Amino acid sequence: MSRALFSCLMASAVLGLMVGSGLADDSGITLKKGDRIVFLGDSITQGGDSNDKGYVRLIRKTLTEKADLGIEVIGAGISGNKVPDLQRRLEKDVLSRKPTIVVIYIGINDVWHGENDPARGTLPEAFAAGLKDVIGRCTEAGAKVVICTPTVIGEKKDGGNKLDQRLDQYSDISRNLAKELKLPLCDLRKSFLDHLKEHNAKNAESGILTSDRVHLNDAGNKFVADTMLKVIDQTK
């Protein structure tokens, strides 16, 4: 093996360890008075602000209790959205609201919609470039950004769901961007997989954290809220 090839392989191995760790250079956010947080995403985020047990509303309730900070929480989820959709509506639905923090929770539809026809989903290169564009525009507008990895399309353990490998690939893209851009990472996928390994004894497709393999049930909403709060609420 040539020295150049050995060096290349070693660099790839190191990068793989860095990405696989899921750790970003900035571990979280310390909230300040007057913060306005926008949660940007798809139907999971839309559902998270549609009833009192949704994750956006749970976070809003928790942060409202910090009355001295006067924090505003805004849901900006639309069913069926993929990264290109976020790019198109970012100005209208997010930047026009002058957020100080934007939490981006996206990726399920980018993978899921391309299951049978890749053109209906988002190719990995477009997902990475589009997500980076959204992050850059939020940052330029003065907002701090938190990147979330996509969660699950099926709750079976140990890679037992059809799209697990693709979800892991897209999650690595989000992890890598968080590391590259030194942004807080909320690694929801890792948290979900760890939880399901411990709590899905029957290896069910759904019913632990989701109602239909994708959308959150009450337990899933609470789990997401608690996991996100560990990243966006470092004032505790």
# chains A, B, ... in the order shown; residues from 1 in each chain; ligands from 1
>>> select_by_dssp(residues="stretch 59-224 of chain A", states="alpha helix (DSSP H)", output="JSON, numbers by chain")
{"A": [59, 60, 61, 62, 63, 64, 83, 84, 85, 86, 87, 88, 89, 90, 91, 92, 93, 108, 109, 110, 111, 112, 124, 125, 126, 127, 128, 129, 130, 131, 132, 133, 134, 135, 136, 137, 138, 139, 140, 164, 165, 166, 167, 168, 169, 170, 171, 172, 173, 174, 175, 176, 177, 178, 179, 180, 181, 188, 189, 190, 191, 192, 193, 194, 195, 196, 197, 198, 199, 218, 219, 220, 221, 222, 223, 224]}
>>> write_last_selection(atoms="C-alpha atoms", output="mmCIF file, in the first residue's frame")
data_model
loop_
_atom_site.group_PDB
_atom_site.id
_atom_site.type_symbol
_atom_site.label_atom_id
_atom_site.label_comp_id
_atom_site.auth_asym_id
_atom_site.auth_seq_id
_atom_site.Cartn_x
_atom_site.Cartn_y
_atom_site.Cartn_z
ATOM 1 C CA ILE A 59 -41.468 23.152 25.024
ATOM 2 C CA ARG A 60 -43.499 26.369 24.914
ATOM 3 C CA LYS A 61 -45.120 25.491 28.251
ATOM 4 C CA THR A 62 -41.760 24.705 29.846
ATOM 5 C CA LEU A 63 -40.122 27.905 28.628
ATOM 6 C CA THR A 64 -43.154 30.055 29.480
ATOM 7 C CA VAL A 83 -35.302 20.430 2.583
ATOM 8 C CA PRO A 84 -36.091 22.152 -0.762
ATOM 9 C CA ASP A 85 -39.467 23.207 0.686
ATOM 10 C CA LEU A 86 -37.725 24.781 3.686
ATOM 11 C CA GLN A 87 -35.496 26.720 1.298
ATOM 12 C CA ARG A 88 -38.518 28.078 -0.581
ATOM 13 C CA ARG A 89 -40.490 29.237 2.443
ATOM 14 C CA LEU A 90 -37.695 30.255 4.777
ATOM 15 C CA GLU A 91 -38.100 34.007 4.329
ATOM 16 C CA LYS A 92 -41.875 34.011 4.738
ATOM 17 C CA ASP A 93 -42.249 31.495 7.558
ATOM 18 C CA ILE A 108 -37.913 12.045 7.121
ATOM 19 C CA ASN A 109 -39.698 12.974 3.873
ATOM 20 C CA ASP A 110 -36.404 13.522 2.049
ATOM 21 C CA VAL A 111 -35.769 9.804 2.622
ATOM 22 C CA TRP A 112 -39.310 8.386 2.746
ATOM 23 C CA PRO A 124 -28.010 13.220 -0.459
ATOM 24 C CA GLU A 125 -26.029 15.947 -2.242
ATOM 25 C CA ALA A 126 -29.130 18.158 -2.544
ATOM 26 C CA PHE A 127 -30.069 17.463 1.059
ATOM 27 C CA ALA A 128 -26.629 18.561 2.284
ATOM 28 C CA ALA A 129 -26.466 21.642 0.052
ATOM 29 C CA GLY A 130 -30.036 22.696 0.804
ATOM 30 C CA LEU A 131 -29.685 22.245 4.549
ATOM 31 C CA LYS A 132 -26.459 24.232 4.493
ATOM 32 C CA ASP A 133 -28.238 26.993 2.563
ATOM 33 C CA VAL A 134 -31.054 27.170 5.134
ATOM 34 C CA ILE A 135 -28.545 27.253 7.982
ATOM 35 C CA GLY A 136 -26.477 29.955 6.306
ATOM 36 C CA ARG A 137 -29.453 32.216 5.678
ATOM 37 C CA CYS A 138 -30.644 31.841 9.275
ATOM 38 C CA THR A 139 -27.165 32.611 10.581
ATOM 39 C CA GLU A 140 -26.808 35.642 8.308
ATOM 40 C CA ASP A 164 -32.725 2.518 8.308
ATOM 41 C CA GLN A 165 -29.571 2.646 6.223
ATOM 42 C CA ARG A 166 -30.770 5.696 4.299
ATOM 43 C CA LEU A 167 -31.836 7.448 7.491
ATOM 44 C CA ASP A 168 -28.416 6.791 8.986
ATOM 45 C CA GLN A 169 -26.801 8.290 5.877
ATOM 46 C CA TYR A 170 -28.901 11.459 6.077
ATOM 47 C CA SER A 171 -28.377 11.686 9.826
ATOM 48 C CA ASP A 172 -24.624 11.594 9.221
ATOM 49 C CA ILE A 173 -25.015 14.504 6.803
ATOM 50 C CA SER A 174 -26.704 16.549 9.534
ATOM 51 C CA ARG A 175 -24.092 15.514 12.105
ATOM 52 C CA ASN A 176 -21.285 16.432 9.748
ATOM 53 C CA LEU A 177 -22.792 19.861 9.022
ATOM 54 C CA ALA A 178 -23.178 20.548 12.747
ATOM 55 C CA LYS A 179 -19.525 19.689 13.260
ATOM 56 C CA GLU A 180 -18.336 21.643 10.214
ATOM 57 C CA LEU A 181 -20.331 24.760 11.089
ATOM 58 C CA LEU A 188 -32.776 12.654 17.794
ATOM 59 C CA ARG A 189 -32.043 9.567 15.708
ATOM 60 C CA LYS A 190 -29.416 8.296 18.115
ATOM 61 C CA SER A 191 -31.696 9.053 21.077
ATOM 62 C CA PHE A 192 -34.602 7.208 19.435
ATOM 63 C CA LEU A 193 -32.496 4.155 18.547
ATOM 64 C CA ASP A 194 -31.065 3.961 22.068
ATOM 65 C CA HIS A 195 -34.556 4.234 23.587
ATOM 66 C CA LEU A 196 -36.073 1.641 21.247
ATOM 67 C CA LYS A 197 -33.287 -0.836 21.907
ATOM 68 C CA GLU A 198 -34.199 -0.713 25.592
ATOM 69 C CA HIS A 199 -37.975 -0.304 25.428
ATOM 70 C CA ASP A 218 -47.848 11.331 23.094
ATOM 71 C CA ALA A 219 -44.812 9.492 24.455
ATOM 72 C CA GLY A 220 -42.808 10.412 21.361
ATOM 73 C CA ASN A 221 -43.735 14.070 21.622
ATOM 74 C CA LYS A 222 -42.655 14.161 25.256
ATOM 75 C CA PHE A 223 -39.435 12.326 24.376
ATOM 76 C CA VAL A 224 -38.603 14.823 21.611
#
>>> residues_around(residues="A:Pro99", least_positions_apart="3", cutoff="7 Å", atoms="only C-alpha atoms", output="MDAnalysis selection string")
chainID A and resid 36:38 95 102 143
>>> residues_around(residues="stretch 182-184 of chain A", least_positions_apart="2", cutoff="10 Å", atoms="only C-alpha atoms", output="tab-separated table (two decimals) with C-alpha atoms, in the first residue's frame")
chain	number	residue	atom	x	y	z
A	23	LEU	CA	-21.06	15.45	18.72
A	24	ALA	CA	-20.95	19.05	17.54
A	25	ASP	CA	-18.45	21.67	18.65
A	26	ASP	CA	-21.15	23.70	20.43
A	27	SER	CA	-23.02	21.56	22.95
A	28	GLY	CA	-26.05	23.78	23.44
A	29	ILE	CA	-27.65	27.19	23.82
A	103	VAL	CA	-34.42	24.57	15.42
A	135	ILE	CA	-28.54	27.25	7.98
A	144	LYS	CA	-28.51	30.68	16.25
A	145	VAL	CA	-29.28	27.34	14.61
A	146	VAL	CA	-29.80	23.93	16.17
A	147	ILE	CA	-29.65	20.96	13.77
A	148	CYS	CA	-31.71	17.85	14.52
A	175	ARG	CA	-24.09	15.51	12.10
A	176	ASN	CA	-21.29	16.43	9.75
A	177	LEU	CA	-22.79	19.86	9.02
A	178	ALA	CA	-23.18	20.55	12.75
A	179	LYS	CA	-19.53	19.69	13.26
A	180	GLU	CA	-18.34	21.64	10.21
A	186	CYS	CA	-29.78	17.47	18.72
A	187	ASP	CA	-29.19	13.87	17.70
A	231	VAL	CA	-29.83	21.29	23.90
A	232	ILE	CA	-31.78	24.54	23.72
